[in-house]
Structure formats: C-alpha cells, structure tokens
Amino acid sequence: MIVQLGIPQPRGTGSTGTSASAPPGRPAGASAGLVDRYGRRATDMRLSLTDKCNLRCTYCMPAEGMEWLSKQAVMSAEEIQRIVRVGVHFLGVRELRLTGGEPLVRADLLDIISSLRQAHPELPISMTTNGIGLDKKAAGLKAAGLSRINVSLDSLHEETFAQLTRRPFLAKVLAGVDAAWAAGLGPVKINAVLMRGINDVESPALLAWALDRGYELRFIEQMPLDAEHGWTRENMITAAEIRELLSVDYELAQDPRNRDGAPAERFQVRRRIPDNAGSAGPVLGTVGIIASVTEPFCSDCRRTRITAEGKIMSCLFSHEEVDLLGLLRQGASDEQLASRWQDAMWIKPKAHGMEHVGLDTPDFRQPDRSMSAIGG
Ligand code: SAM
Ligand code: SF4
C-alpha cells in the first residue's frame, strides 16, 4: 500500500519525480517519501559536514594516517542547501542532524546553519560535536538558528579523556558544554562510549555529573566502526552491562514516553535507596542507552545519511553508497535528485546483522568507512 504524505510538491514541474529506472516495487512519486522495501520511512536526516576532526578517539579514528577528502570533494554550502531542500520539500525529511568528522572545524558552519534556518524556519536542526571550540561558538550557533546540540564526552578525568581521544582537551569540552547550555542550545545531550577497563567504571559518575547539570546522558554501545578495525565483542560494554553498572547507585525505570523511532532507549533515574529505607525518591532525570549492537532497533529505523562528499548511505553499516553530489554537479533537477535518493533508500538492508558479530556468524562485514567518515 502506498501511504501518501502531505509533502508539498515542487511547483511548476508537473511531474511526480519518479525515475524511469525506479526499482520494481518502489512506490511512484516523490510524495511517497524515503520508503524502503520493509515499509520503513526515513524522516531523520544525518548530514556530515566534513570528514576532518581535531580529536582521534580510539573507537573512531586511527592515531595518524587518515586521508582527508579534498575541499573540492566535499559538499559546498550551496550544495548542502540544495540537498537539504530536496530532502525536506520533496521527500518528507522532518529533522536534520549535522555531524562529521567534527562539524565545528568547518569555517562556513554559521553560514550553513543560518541559510538552512532561513529556508526551513520550522525544521529542527541539531548538531553532534566533540565540543572543542564550542565555548566561543555556542552563542553564534544559537543566533544562526541551531535548535539543539549533542556533545560527546566519555570521561571527566583528564588522563582518561586524553587516553580515549589522544588529545588533552577535556577542559575545552567542559567549557563548550556549559556554553551550549547557557546559549540556550538545550536540551543538551551528552554522548558517551564506554570502553572496557578504561572509562566503564566512570559511568555512574558521568551520570551524576549530567543529572546535576540537567544534561541528558546517552551511553552508546561501541560499534565496529573504528578505522583500525580493533573492535571486539569481548571488549565492548553491552547495554545490559551499562544498566548493571548504573544500578549500583541508581534505579532505572523505563521512560513511559513513546520511543518514537529514537535510537536511545530512555530510562527515568532515581537514586537507589537501601532496602527498607522507605519509598523511592524523586526522578532525577533520564538516561539513554543506544544499544545498536546487542538490542538493535533496525525495524524502526527512520534515518537517512549523507556523507561529507554527498553519498547517500541508507544505514551506518551499508556497503552501498549512492552518489547524490555527483548527480547534482551534473546539473540534475530536484526531481532527479529526489528519485535517486528514493532508489538508494529503497534498498536499505532489513537489519545490520551486528548483533551476531563475533558470535560465529560470518555474515557481518565491517564497513570500509570509519564512523568519522560516515557521519555518526
Ligand atoms: N565529532 C563529533 C563527535 O564526536 O560528537 C561528531 C561525529 S562522531 C562520529 C558522532 C558520534 O559517534 C559521537 O558521539 C561518537 O562518540 C560516536 N562514535 C564514533 N565512533 C563510534 C563507534 N565506533 N561506536 C559507537 N559510537 C561511535
Ligand atoms: Fe572525531 Fe567525533 Fe570521531 Fe572522536 S568520535 S574522532 S571527535 S569524529
């Protein structure tokens, strides 16, 4: 069945935007949105602004030796505008997350955001950043029209932070988080990846820190997306372990709010009360756990990804990349771009199969790209 969205059609084109070579079974017309063979509809767009970064997190990048894309290969500000416009006006994209690499290293970031905001006054636009330099840029980002921010922070200890990111910049990140909050870029979400024997013991302290300040902490299971292919199942900290680590100090109860396709499963947090010490205390806030490996949520995935060089990836673990920017640079119409995007999403895999990796099932192959080169 084709479900029609109330998506505005391009004016004056007189066409549905269907490509002559649309794969069999794909609903005709741009108004069908970004649907796939399994009935999922992508409305959440993750767009990478750059592959470059000023940290070298061990679970993402190698210490050295990354080859950067040339300036020419990366989408320009105008090309980003065009691609977002096609996504929003033709294909039912309802929210946009800017990411990278590190989006703050892009010199024209403020211009990109303010033009996006002008073109799409109602679109929620968020950004995931490592927070370096955010203390100086937060107010400008807010003024340009950024709606919200996620900052990645894995440790509150200088040495551990430096070990994980290979850079001594903890103080800069902390200043960045506070500035984002002060600038009104909340709710501020904090992303943390736990690594066995390095920062896993810090998980309750990270939660206490976030709760105190009103930030929403989300733990992300480490995924096999590191450039050095060093991920092992034994070393990753699972969602079940995270809940156990937190339960020493806290009681977690499933958040009654609808998850609504969000990758994080949310829990309400109360301080653990010793047995027989009376009724449970107040809810202190929430914590999220993104269990992509052990409790995957592929069946309700709503994401579509565009890499910094304008390739469509239907999934973080996709081995198929479809070139949107190349088509745009050849002078394609909005409808042709929309149609190629729909084709790329139509073949989105049913699931990434990652829950089986390391469990003697050889059908999972790590993608060639690292997280920084896809856009997390
Ligand atoms: N540089 C920005 C940052 O770190 O927030 C944005 C890009 S980064 C690739 C986006 C998110 O991906 C970060 O929260 C980071 O912790 C997460 N990430 C990177 N590699 C990962 C991996 N192998 N497994 C799970 N999360 C990962
Ligand atoms: Fe850079 Fe973000 Fe990857 Fe860390 S996770 S190396 S900050 S892109």
# chains A, B, ... in the order shown; residues from 1 in each chain; ligands from 1

call {"tool": "residues_near_ligand", "arguments": {"ligand": "ligand 2", "cutoff": "6 Å", "atoms": "only C-alpha atoms and all ligand atoms", "output": "number ranges by chain"}}
result
A: 53, 55-57, 60-61, 100-102, 130, 372

call {"tool": "write_last_selection", "arguments": {"atoms": "N, CA, C and O atoms", "output": "tab-separated table (two decimals), in the first residue's frame"}}
result
chain	number	residue	atom	x	y	z
A	53	CYS	N	38.72	16.03	11.72
A	53	CYS	CA	38.45	16.14	13.15
A	53	CYS	C	39.71	16.54	13.89
A	53	CYS	O	40.82	16.24	13.44
A	55	LEU	N	40.11	15.60	17.16
A	55	LEU	CA	40.40	14.55	18.13
A	55	LEU	C	40.70	13.26	17.36
A	55	LEU	O	40.48	13.19	16.14
A	56	ARG	N	41.18	12.27	18.07
A	56	ARG	CA	41.46	10.96	17.46
A	56	ARG	C	40.93	9.87	18.38
A	56	ARG	O	41.69	9.05	18.89
A	57	CYS	N	39.62	9.87	18.62
A	57	CYS	CA	39.04	8.89	19.54
A	57	CYS	C	39.40	7.48	19.07
A	57	CYS	O	39.27	7.16	17.87
A	60	CYS	N	37.12	5.39	16.93
A	60	CYS	CA	36.65	6.01	15.69
A	60	CYS	C	37.78	6.17	14.67
A	60	CYS	O	37.69	5.67	13.56
A	61	MET	N	38.84	6.85	15.08
A	61	MET	CA	39.91	7.20	14.13
A	61	MET	C	41.23	6.54	14.52
A	61	MET	O	41.45	6.25	15.69
A	100	GLY	N	29.77	14.87	11.60
A	100	GLY	CA	31.03	14.77	10.87
A	100	GLY	C	31.69	13.44	11.19
A	100	GLY	O	31.02	12.51	11.62
A	101	GLY	N	32.99	13.39	11.14
A	101	GLY	CA	34.01	14.36	11.44
A	101	GLY	C	33.52	15.35	12.50
A	101	GLY	O	32.58	15.10	13.20
A	102	GLU	N	34.23	16.43	12.58
A	102	GLU	CA	33.85	17.43	13.58
A	102	GLU	C	33.27	18.66	12.88
A	102	GLU	O	34.00	19.42	12.24
A	130	ASN	N	32.21	17.34	19.15
A	130	ASN	CA	33.08	16.96	20.27
A	130	ASN	C	33.26	18.14	21.24
A	130	ASN	O	33.93	17.99	22.26
A	372	SER	N	33.85	8.40	11.60
A	372	SER	CA	34.12	9.80	11.27
A	372	SER	C	33.91	10.07	9.79
A	372	SER	O	33.60	11.19	9.39

call {"tool": "residues_around", "arguments": {"residues": "Leu49 in chain A", "least_positions_apart": "3", "cutoff": "7 Å", "atoms": "only C-alpha atoms", "output": "PyMOL selection string"}}
result
chain A and resi 98-100+103+308

call {"tool": "closest_residue", "arguments": {"among": "A:Met195, A:Val287, A:Leu96, A:Leu324", "to": "ligand 1", "atoms": "only C-alpha atoms and all ligand atoms"}}
result
A:Met195

call {"tool": "select_by_dssp", "arguments": {"residues": "range 186-247 of chain A", "states": "strand (DSSP E)", "output": "ChimeraX atom specification"}}
result
/A:189-193,216-220

call {"tool": "write_last_selection", "arguments": {"atoms": "C-alpha atoms", "output": "PDB file, in the first residue's frame"}}
result
ATOM      1  CA  LYS A 189      22.553  15.673  25.227  1.00  0.00           C
ATOM      2  CA  ILE A 190      25.875  14.091  26.130  1.00  0.00           C
ATOM      3  CA  ASN A 191      27.072  11.061  24.144  1.00  0.00           C
ATOM      4  CA  ALA A 192      29.425   8.655  25.903  1.00  0.00           C
ATOM      5  CA  VAL A 193      31.029   5.469  24.580  1.00  0.00           C
ATOM      6  CA  GLU A 216      20.649  14.113  29.161  1.00  0.00           C
ATOM      7  CA  LEU A 217      23.380  11.491  29.085  1.00  0.00           C
ATOM      8  CA  ARG A 218      23.223   8.759  26.455  1.00  0.00           C
ATOM      9  CA  PHE A 219      25.552   5.788  26.506  1.00  0.00           C
ATOM     10  CA  ILE A 220      26.308   4.413  23.039  1.00  0.00           C
TER      11      ILE A 220
END

call {"tool": "closest_residue", "arguments": {"among": "A:Pro168, A:Pro187, A:Gly288, A:Pro224", "to": "ligand 1", "atoms": "only C-alpha atoms and all ligand atoms"}}
result
A:Pro224

call {"tool": "residues_around", "arguments": {"residues": "Arg41 in chain A", "least_positions_apart": "4", "cutoff": "9 Å", "atoms": "only C-alpha atoms", "output": "VMD selection string"}}
result
chain A and resid 33 to 36 92 300 to 303 345

call {"tool": "closest_residue", "arguments": {"among": "A:Arg94, A:Lys71, A:His229, A:Arg272", "to": "ligand 1", "atoms": "only C-alpha atoms and all ligand atoms"}}
result
A:His229

call {"tool": "residues_around", "arguments": {"residues": "Val322 in chain A", "least_positions_apart": "2", "cutoff": "7 Å", "atoms": "only C-alpha atoms", "output": "list in words"}}
result
Lys311, Ile312, Met313, Glu320, Leu324 and Ala344 of chain A

call {"tool": "closest_residue", "arguments": {"among": "A:Ser48, A:Gln254, A:Ser152, A:Ser115", "to": "ligand 1", "atoms": "only C-alpha atoms and all ligand atoms"}}
result
A:Ser152

call {"tool": "closest_residue", "arguments": {"among": "A:Lys52, A:Arg340, A:Lys142, A:His319", "to": "ligand 1", "atoms": "only C-alpha atoms and all ligand atoms"}}
result
A:Lys52

call {"tool": "closest_residue", "arguments": {"among": "A:Pro256, A:Gly65, A:Gly230, A:Gly281", "to": "ligand 1", "atoms": "only C-alpha atoms and all ligand atoms"}}
result
A:Gly230

call {"tool": "residues_around", "arguments": {"residues": "range 248-250 of chain A", "least_positions_apart": "2", "cutoff": "12 Å", "atoms": "only C-alpha atoms", "output": "ChimeraX atom specification"}}
result
/A:201-208,211,241-246,252-253,267-274,280-287

call {"tool": "residues_around", "arguments": {"residues": "Leu170 in chain A", "least_positions_apart": "4", "cutoff": "7 Å", "atoms": "only C-alpha atoms", "output": "ChimeraX atom specification"}}
result
/A:158,161,174

call {"tool": "atom_distance", "arguments": {"atom1": "CA of Ala171 in chain A", "atom2": "CA of Thr58 in chain A"}}
result
19.1 Å

call {"tool": "decode", "arguments": {"residues": "range 105-154 of chain A", "atoms": "C-alpha atoms", "output": "PDB file, in the first residue's frame"}}
result
ATOM      1  CA  VAL A 105      36.034  22.717  12.202  1.00  0.00           C
ATOM      2  CA  ARG A 106      34.092  23.846   9.158  1.00  0.00           C
ATOM      3  CA  ALA A 107      34.816  27.545   8.634  1.00  0.00           C
ATOM      4  CA  ASP A 108      31.452  28.298   6.983  1.00  0.00           C
ATOM      5  CA  LEU A 109      29.387  26.481   9.631  1.00  0.00           C
ATOM      6  CA  LEU A 110      27.462  29.570  10.773  1.00  0.00           C
ATOM      7  CA  ASP A 111      26.581  30.496   7.198  1.00  0.00           C
ATOM      8  CA  ILE A 112      25.410  26.961   6.514  1.00  0.00           C
ATOM      9  CA  ILE A 113      23.152  26.957   9.570  1.00  0.00           C
ATOM     10  CA  SER A 114      21.718  30.412   9.031  1.00  0.00           C
ATOM     11  CA  SER A 115      20.867  29.680   5.401  1.00  0.00           C
ATOM     12  CA  LEU A 116      19.282  26.380   6.378  1.00  0.00           C
ATOM     13  CA  ARG A 117      17.268  28.166   9.040  1.00  0.00           C
ATOM     14  CA  GLN A 118      16.115  30.848   6.612  1.00  0.00           C
ATOM     15  CA  ALA A 119      14.990  28.240   4.110  1.00  0.00           C
ATOM     16  CA  HIS A 120      13.358  25.965   6.713  1.00  0.00           C
ATOM     17  CA  PRO A 121      12.060  28.059   9.622  1.00  0.00           C
ATOM     18  CA  GLU A 122      10.344  25.126  11.338  1.00  0.00           C
ATOM     19  CA  LEU A 123      12.916  22.382  10.798  1.00  0.00           C
ATOM     20  CA  PRO A 124      14.550  21.014  13.969  1.00  0.00           C
ATOM     21  CA  ILE A 125      18.296  21.328  13.248  1.00  0.00           C
ATOM     22  CA  SER A 126      20.643  19.743  15.770  1.00  0.00           C
ATOM     23  CA  MET A 127      24.369  19.068  15.726  1.00  0.00           C
ATOM     24  CA  THR A 128      26.663  16.430  17.185  1.00  0.00           C
ATOM     25  CA  THR A 129      30.063  17.800  18.160  1.00  0.00           C
ATOM     26  CA  ASN A 130      33.081  16.964  20.274  1.00  0.00           C
ATOM     27  CA  GLY A 131      32.667  20.410  21.862  1.00  0.00           C
ATOM     28  CA  ILE A 132      36.129  21.797  21.116  1.00  0.00           C
ATOM     29  CA  GLY A 133      35.747  25.496  20.431  1.00  0.00           C
ATOM     30  CA  LEU A 134      32.075  25.376  21.342  1.00  0.00           C
ATOM     31  CA  ASP A 135      32.626  27.781  24.250  1.00  0.00           C
ATOM     32  CA  LYS A 136      33.341  30.535  21.722  1.00  0.00           C
ATOM     33  CA  LYS A 137      30.831  29.442  19.086  1.00  0.00           C
ATOM     34  CA  ALA A 138      27.728  28.405  21.041  1.00  0.00           C
ATOM     35  CA  ALA A 139      26.032  31.817  21.108  1.00  0.00           C
ATOM     36  CA  GLY A 140      26.652  32.304  17.390  1.00  0.00           C
ATOM     37  CA  LEU A 141      25.263  28.866  16.595  1.00  0.00           C
ATOM     38  CA  LYS A 142      22.108  29.662  18.522  1.00  0.00           C
ATOM     39  CA  ALA A 143      21.748  33.023  16.795  1.00  0.00           C
ATOM     40  CA  ALA A 144      22.260  31.345  13.400  1.00  0.00           C
ATOM     41  CA  GLY A 145      19.300  29.077  14.116  1.00  0.00           C
ATOM     42  CA  LEU A 146      20.673  25.821  15.524  1.00  0.00           C
ATOM     43  CA  SER A 147      17.946  24.200  17.609  1.00  0.00           C
ATOM     44  CA  ARG A 148      19.876  21.846  19.861  1.00  0.00           C
ATOM     45  CA  ILE A 149      23.206  20.183  20.497  1.00  0.00           C
ATOM     46  CA  ASN A 150      24.736  16.800  21.371  1.00  0.00           C
ATOM     47  CA  VAL A 151      28.238  16.863  22.815  1.00  0.00           C
ATOM     48  CA  SER A 152      30.406  13.756  23.005  1.00  0.00           C
ATOM     49  CA  LEU A 153      32.175  13.283  26.314  1.00  0.00           C
ATOM     50  CA  ASP A 154      33.464   9.926  27.529  1.00  0.00           C
TER      51      ASP A 154
END
